[in-house]
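As C-alpha coordinates, the structure follows; a few thoughts come after it.
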Amino acid sequence: KKRAPTSRGGEIGHKSSSIQNDTSRSDYNLGDNALSDDHTIIEPSREEAMKHISSLKVFDFAFVRRTNGKWTYSIISDRSENMIRFVVDENGRTKQLERQYWVSNIRRARAEVKPENPPPRRRSSQARRRSSVDDSLVRYGLD
(Lines give C-alpha, C1' and ligand atoms only; values in the text may rest on other atoms or scores of the structure.)
Protein backbone atom coordinates (compact mmCIF):
# COMPACT_ATOMS: atom_id res chain seq x y z
CA LYS A 1 0.00 0.00 0.00
CA LYS A 2 1.21 3.45 -0.84
CA ARG A 3 1.22 5.90 2.04
CA ALA A 4 0.69 9.64 1.98
CA PRO A 5 4.01 11.55 1.88
CA THR A 6 4.97 14.03 4.58
CA SER A 7 6.60 17.38 4.05
CA ARG A 8 10.07 15.86 4.57
CA GLY A 9 9.69 12.70 2.54
CA GLY A 10 8.54 10.41 5.36
CA GLU A 11 5.11 8.82 5.51
CA ILE A 12 2.14 10.13 7.41
CA GLY A 13 0.87 7.59 9.85
CA HIS A 14 4.09 6.16 11.19
CA LYS A 15 5.21 6.96 14.71
CA SER A 16 8.46 8.08 13.09
CA SER A 17 6.62 10.53 10.81
CA SER A 18 8.63 13.65 10.11
CA ILE A 19 5.63 15.92 10.75
CA GLN A 20 6.11 16.89 14.35
CA ASN A 21 4.62 19.85 16.16
CA ASP A 22 2.95 20.64 19.48
CA THR A 23 -0.03 18.50 18.48
CA SER A 24 1.82 15.35 17.38
CA ARG A 25 2.17 12.27 19.57
CA SER A 26 4.88 9.66 19.01
CA ASP A 27 2.74 6.96 20.66
CA TYR A 28 0.05 7.06 17.95
CA ASN A 29 -0.15 6.18 14.28
CA LEU A 30 -2.63 7.90 12.02
CA GLY A 31 -5.99 6.17 12.43
CA ASP A 32 -5.33 4.76 15.92
CA ASN A 33 -8.18 4.97 18.40
CA ALA A 34 -7.54 7.08 21.51
CA LEU A 35 -6.13 4.82 24.21
CA SER A 36 -7.21 7.16 26.99
CA ASP A 37 -9.22 10.36 27.43
CA ASP A 38 -6.02 11.68 29.04
CA HIS A 39 -4.49 11.80 25.54
CA THR A 40 -7.18 14.23 24.39
CA ILE A 41 -8.04 17.70 25.63
CA ILE A 42 -11.64 17.95 26.82
CA GLU A 43 -12.38 21.65 27.06
CA PRO A 44 -14.35 23.03 30.03
CA SER A 45 -16.88 24.83 27.81
CA ARG A 46 -18.17 24.93 24.23
CA GLU A 47 -16.70 28.43 23.87
CA GLU A 48 -13.21 27.28 24.91
CA ALA A 49 -13.47 24.26 22.62
CA MET A 50 -14.45 26.40 19.63
CA LYS A 51 -11.65 28.89 20.34
CA HIS A 52 -8.99 26.18 20.42
CA ILE A 53 -10.36 24.13 17.53
CA SER A 54 -10.53 27.30 15.41
CA SER A 55 -6.79 27.82 16.00
CA LEU A 56 -5.81 24.41 14.56
CA LYS A 57 -3.83 24.56 11.32
CA VAL A 58 -3.11 22.28 8.37
CA PHE A 59 -0.76 19.45 9.53
CA ASP A 60 -1.95 19.73 13.16
CA PHE A 61 -3.07 16.47 14.74
CA ALA A 62 -6.31 15.98 16.65
CA PHE A 63 -8.70 13.23 17.63
CA VAL A 64 -11.85 13.06 15.51
CA ARG A 65 -15.02 11.23 16.54
CA ARG A 66 -15.84 8.63 13.91
CA THR A 67 -19.27 7.32 13.00
CA ASN A 68 -18.71 4.38 15.39
CA GLY A 69 -18.22 6.88 18.28
CA LYS A 70 -14.50 6.21 18.70
CA TRP A 71 -11.92 9.02 18.76
CA THR A 72 -9.34 8.55 15.98
CA TYR A 73 -5.88 10.16 15.78
CA SER A 74 -6.02 12.27 12.60
CA ILE A 75 -4.22 15.07 10.78
CA ILE A 76 -5.71 18.20 9.24
CA SER A 77 -5.24 18.16 5.47
CA ASP A 78 -7.37 21.17 4.55
CA ARG A 79 -9.38 23.83 6.30
CA SER A 80 -11.31 27.02 5.84
CA GLU A 81 -13.14 29.30 8.23
CA ASN A 82 -16.15 26.95 8.27
CA MET A 83 -14.73 23.50 7.44
CA ILE A 84 -11.90 21.21 8.53
CA ARG A 85 -10.90 18.10 6.56
CA PHE A 86 -8.96 15.38 8.35
CA VAL A 87 -7.05 12.39 7.02
CA VAL A 88 -8.29 9.72 9.41
CA ASP A 89 -6.22 6.66 8.49
CA GLU A 90 -3.10 5.46 6.68
CA ASN A 91 -5.13 4.66 3.55
CA GLY A 92 -5.90 8.35 3.08
CA ARG A 93 -9.59 8.27 4.02
CA THR A 94 -10.89 11.69 4.99
CA LYS A 95 -13.60 13.13 7.17
CA GLN A 96 -14.84 16.66 6.60
CA LEU A 97 -16.55 18.53 9.40
CA GLU A 98 -18.56 21.73 9.04
CA ARG A 99 -18.14 24.33 11.79
CA GLN A 100 -21.40 23.43 13.55
CA TYR A 101 -20.02 19.92 14.28
CA TRP A 102 -16.53 20.88 15.48
CA VAL A 103 -17.13 21.03 19.24
CA SER A 104 -18.83 17.65 19.45
CA ASN A 105 -16.49 15.83 17.03
CA ILE A 106 -12.96 17.26 17.43
CA ARG A 107 -10.65 17.04 20.42
CA ARG A 108 -7.14 18.43 20.41
CA ALA A 109 -4.32 15.99 21.12
CA ARG A 110 -2.69 16.49 24.53
CA ALA A 111 1.07 16.94 24.38
CA GLU A 112 3.08 13.98 25.60
CA VAL A 113 4.62 14.30 29.03
CA LYS A 114 8.36 13.91 28.65
CA PRO A 115 10.58 13.63 31.71
CA GLU A 116 12.59 16.78 32.41
CA ASN A 117 15.55 14.83 33.74
CA PRO A 118 15.67 11.41 32.13
CA PRO A 119 17.41 8.78 34.23
CA PRO A 120 21.14 8.47 33.56
CA ARG A 121 22.11 5.87 31.02
CA ARG A 122 23.64 2.76 32.46
CA ARG A 123 27.16 2.09 31.33
CA SER A 124 27.78 -1.20 29.61
CA SER A 125 29.66 -3.90 31.50
CA GLN A 126 32.59 -3.37 29.10
CA ALA A 127 32.71 0.36 29.94
CA ARG A 128 32.54 -0.44 33.67
CA ARG A 129 35.44 -2.92 33.34
CA ARG A 130 37.48 -0.44 31.32
CA SER A 131 36.87 2.23 33.99
CA SER A 132 37.84 -0.23 36.72
CA VAL A 133 41.06 -1.13 34.88
CA ASP A 134 41.87 2.58 34.39
CA ASP A 135 41.33 3.22 38.13
CA SER A 136 43.62 0.34 39.03
CA LEU A 137 46.36 1.59 36.70
CA VAL A 138 46.22 5.05 38.28
CA ARG A 139 46.15 3.62 41.80
CA TYR A 140 49.33 1.61 41.18
CA GLY A 141 51.04 4.34 39.18
CA LEU A 142 51.00 2.32 35.95
CA ASP A 143 49.17 4.88 33.82
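A note on labels: chains of the C-alpha coordinates are A, B, ... as shown, every chain counts residues from 1, and ligands are counted from 1 in their shown order.
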Quiz item: Leaving out segment 72-80 of chain A and any residue of its chain fewer than 3 positions from it, which residues lie within 9 Å of it when counting only C-alpha atoms, given as a ChimeraX atom specification?
Solution: /A:12-13,24,28-34,56-66,83-89,94,96,109
Just write the chosen residues, N, CA and C atoms, as a JSON list (two decimals), in the first residue's frame.
```json
[["chain", "number", "residue", "atom", "x", "y", "z"],
["A", 12, "ILE", "N", 3.10, 9.81, 6.37],
["A", 12, "ILE", "CA", 2.14, 10.13, 7.41],
["A", 12, "ILE", "C", 1.61, 8.82, 7.96],
["A", 13, "GLY", "N", 1.48, 8.77, 9.26],
["A", 13, "GLY", "CA", 0.87, 7.59, 9.85],
["A", 13, "GLY", "C", 1.84, 6.78, 10.66],
["A", 24, "SER", "N", 1.51, 16.73, 17.77],
["A", 24, "SER", "CA", 1.82, 15.35, 17.38],
["A", 24, "SER", "C", 2.18, 14.50, 18.59],
["A", 28, "TYR", "N", 1.19, 7.36, 18.81],
["A", 28, "TYR", "CA", 0.05, 7.06, 17.95],
["A", 28, "TYR", "C", 0.45, 7.04, 16.49],
["A", 29, "ASN", "N", -0.20, 6.17, 15.74],
["A", 29, "ASN", "CA", -0.15, 6.18, 14.28],
["A", 29, "ASN", "C", -1.45, 6.80, 13.79],
["A", 30, "LEU", "N", -1.43, 7.36, 12.63],
["A", 30, "LEU", "CA", -2.63, 7.90, 12.02],
["A", 30, "LEU", "C", -3.70, 6.81, 11.97],
["A", 31, "GLY", "N", -4.89, 7.14, 12.46],
["A", 31, "GLY", "CA", -5.99, 6.17, 12.43],
["A", 31, "GLY", "C", -6.15, 5.38, 13.71],
["A", 32, "ASP", "N", -5.20, 5.48, 14.65],
["A", 32, "ASP", "CA", -5.33, 4.76, 15.92],
["A", 32, "ASP", "C", -6.45, 5.36, 16.75],
["A", 33, "ASN", "N", -7.17, 4.50, 17.46],
["A", 33, "ASN", "CA", -8.18, 4.97, 18.40],
["A", 33, "ASN", "C", -7.49, 5.50, 19.65],
["A", 34, "ALA", "N", -8.09, 6.52, 20.27],
["A", 34, "ALA", "CA", -7.54, 7.08, 21.51],
["A", 34, "ALA", "C", -7.48, 5.98, 22.56],
["A", 56, "LEU", "N", -6.55, 25.51, 15.18],
["A", 56, "LEU", "CA", -5.81, 24.41, 14.56],
["A", 56, "LEU", "C", -5.48, 24.75, 13.11],
["A", 57, "LYS", "N", -4.31, 24.26, 12.66],
["A", 57, "LYS", "CA", -3.83, 24.56, 11.32],
["A", 57, "LYS", "C", -3.62, 23.27, 10.52],
["A", 58, "VAL", "N", -3.45, 23.42, 9.22],
["A", 58, "VAL", "CA", -3.11, 22.28, 8.37],
["A", 58, "VAL", "C", -1.84, 21.63, 8.93],
["A", 59, "PHE", "N", -1.82, 20.32, 8.99],
["A", 59, "PHE", "CA", -0.76, 19.45, 9.53],
["A", 59, "PHE", "C", -0.79, 19.34, 11.05],
["A", 60, "ASP", "N", -1.77, 19.99, 11.73],
["A", 60, "ASP", "CA", -1.95, 19.73, 13.16],
["A", 60, "ASP", "C", -2.69, 18.41, 13.31],
["A", 61, "PHE", "N", -2.41, 17.73, 14.42],
["A", 61, "PHE", "CA", -3.07, 16.47, 14.74],
["A", 61, "PHE", "C", -4.17, 16.72, 15.75],
["A", 62, "ALA", "N", -5.20, 15.91, 15.69],
["A", 62, "ALA", "CA", -6.31, 15.98, 16.65],
["A", 62, "ALA", "C", -6.99, 14.62, 16.65],
["A", 63, "PHE", "N", -7.87, 14.43, 17.61],
["A", 63, "PHE", "CA", -8.70, 13.23, 17.63],
["A", 63, "PHE", "C", -10.07, 13.62, 17.09],
["A", 64, "VAL", "N", -10.57, 12.80, 16.16],
["A", 64, "VAL", "CA", -11.85, 13.06, 15.51],
["A", 64, "VAL", "C", -12.80, 11.92, 15.86],
["A", 65, "ARG", "N", -14.03, 12.28, 16.24],
["A", 65, "ARG", "CA", -15.02, 11.23, 16.54],
["A", 65, "ARG", "C", -15.52, 10.65, 15.22],
["A", 66, "ARG", "N", -15.39, 9.33, 15.11],
["A", 66, "ARG", "CA", -15.84, 8.63, 13.91],
["A", 66, "ARG", "C", -17.31, 8.24, 14.05],
["A", 83, "MET", "N", -14.88, 24.91, 7.71],
["A", 83, "MET", "CA", -14.73, 23.50, 7.44],
["A", 83, "MET", "C", -13.31, 23.05, 7.78],
["A", 84, "ILE", "N", -13.21, 21.84, 8.33],
["A", 84, "ILE", "CA", -11.90, 21.21, 8.53],
["A", 84, "ILE", "C", -11.99, 19.81, 7.94],
["A", 85, "ARG", "N", -10.99, 19.45, 7.12],
["A", 85, "ARG", "CA", -10.90, 18.10, 6.56],
["A", 85, "ARG", "C", -9.72, 17.39, 7.21],
["A", 86, "PHE", "N", -9.98, 16.19, 7.70],
["A", 86, "PHE", "CA", -8.96, 15.38, 8.35],
["A", 86, "PHE", "C", -8.66, 14.14, 7.51],
["A", 87, "VAL", "N", -7.41, 13.72, 7.50],
["A", 87, "VAL", "CA", -7.05, 12.39, 7.02],
["A", 87, "VAL", "C", -7.13, 11.52, 8.26],
["A", 88, "VAL", "N", -7.98, 10.48, 8.20],
["A", 88, "VAL", "CA", -8.29, 9.72, 9.41],
["A", 88, "VAL", "C", -7.63, 8.34, 9.48],
["A", 89, "ASP", "N", -6.92, 7.94, 8.42],
["A", 89, "ASP", "CA", -6.22, 6.66, 8.49],
["A", 89, "ASP", "C", -5.08, 6.63, 7.47],
["A", 94, "THR", "N", -10.71, 10.37, 4.38],
["A", 94, "THR", "CA", -10.89, 11.69, 4.99],
["A", 94, "THR", "C", -12.26, 11.82, 5.64],
["A", 96, "GLN", "N", -14.69, 15.21, 6.65],
["A", 96, "GLN", "CA", -14.84, 16.66, 6.60],
["A", 96, "GLN", "C", -15.92, 17.07, 7.58],
["A", 109, "ALA", "N", -5.20, 16.99, 20.53],
["A", 109, "ALA", "CA", -4.32, 15.99, 21.12],
["A", 109, "ALA", "C", -3.52, 16.63, 22.25]]
```
Practice problem: One decimal, Å: what's the distance from atom CA of Lys95 of chain A over to atom CA of Lys70 of chain A, could you say? | Solution: 13.5 Å
Quiz item: atom CA of Arg25 of chain A and atom CA of Arg110 of chain A are how many Å apart?
Solution: 8.1 Å
Residues within 12 Å of Val113 of chain A, please, as a PDB file with N, CA and C atoms, in the first residue's frame. Count only C-alpha atoms; anything in the same chain fewer than 6 positions from it doesn't count.
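See result.pdb below for the written result:
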```pdb
ATOM      1  N   ASP A  22       3.496  20.730  18.121  1.00  0.00           N
ATOM      2  CA  ASP A  22       2.949  20.642  19.475  1.00  0.00           C
ATOM      3  C   ASP A  22       1.756  19.714  19.578  1.00  0.00           C
ATOM      4  N   ARG A  25       1.881  13.224  18.497  1.00  0.00           N
ATOM      5  CA  ARG A  25       2.174  12.274  19.573  1.00  0.00           C
ATOM      6  C   ARG A  25       2.929  11.096  18.961  1.00  0.00           C
ATOM      7  N   SER A  26       4.063  10.759  19.546  1.00  0.00           N
ATOM      8  CA  SER A  26       4.875   9.656  19.013  1.00  0.00           C
ATOM      9  C   SER A  26       4.292   8.288  19.355  1.00  0.00           C
ATOM     10  N   ASP A  27       3.313   8.247  20.258  1.00  0.00           N
ATOM     11  CA  ASP A  27       2.738   6.964  20.662  1.00  0.00           C
ATOM     12  C   ASP A  27       1.496   6.584  19.847  1.00  0.00           C
ATOM     13  N   ASP A  38      -7.146  10.838  28.626  1.00  0.00           N
ATOM     14  CA  ASP A  38      -6.024  11.679  29.041  1.00  0.00           C
ATOM     15  C   ASP A  38      -5.162  12.119  27.864  1.00  0.00           C
ATOM     16  N   HIS A  39      -5.274  11.443  26.722  1.00  0.00           N
ATOM     17  CA  HIS A  39      -4.495  11.796  25.536  1.00  0.00           C
ATOM     18  C   HIS A  39      -5.202  12.859  24.703  1.00  0.00           C
TER      19      HIS A  39
END
```
Quiz item: Expressed in Å to a single decimal, how great is the separation between atom CA of Ser36 of chain A and atom CA of Glu48 of chain A?
Solution: 21.1 Å
Self-check item: Residue contacts of segment 102-104 of chain A (10 Å, only C-alpha atoms) excluding same-chain residues fewer than 3 positions away, as JSON, numbers by chain
Solution: {"A": [42, 43, 45, 46, 47, 48, 49, 50, 51, 52, 53, 54, 64, 65, 82, 83, 84, 96, 97, 98, 99, 107]}
Quiz prompt | Which of segment 63-98 of chain A DSSP labels strand (DSSP E or B), written as number ranges by chain | solution = A: 63-65, 71-79, 83-87, 94-98
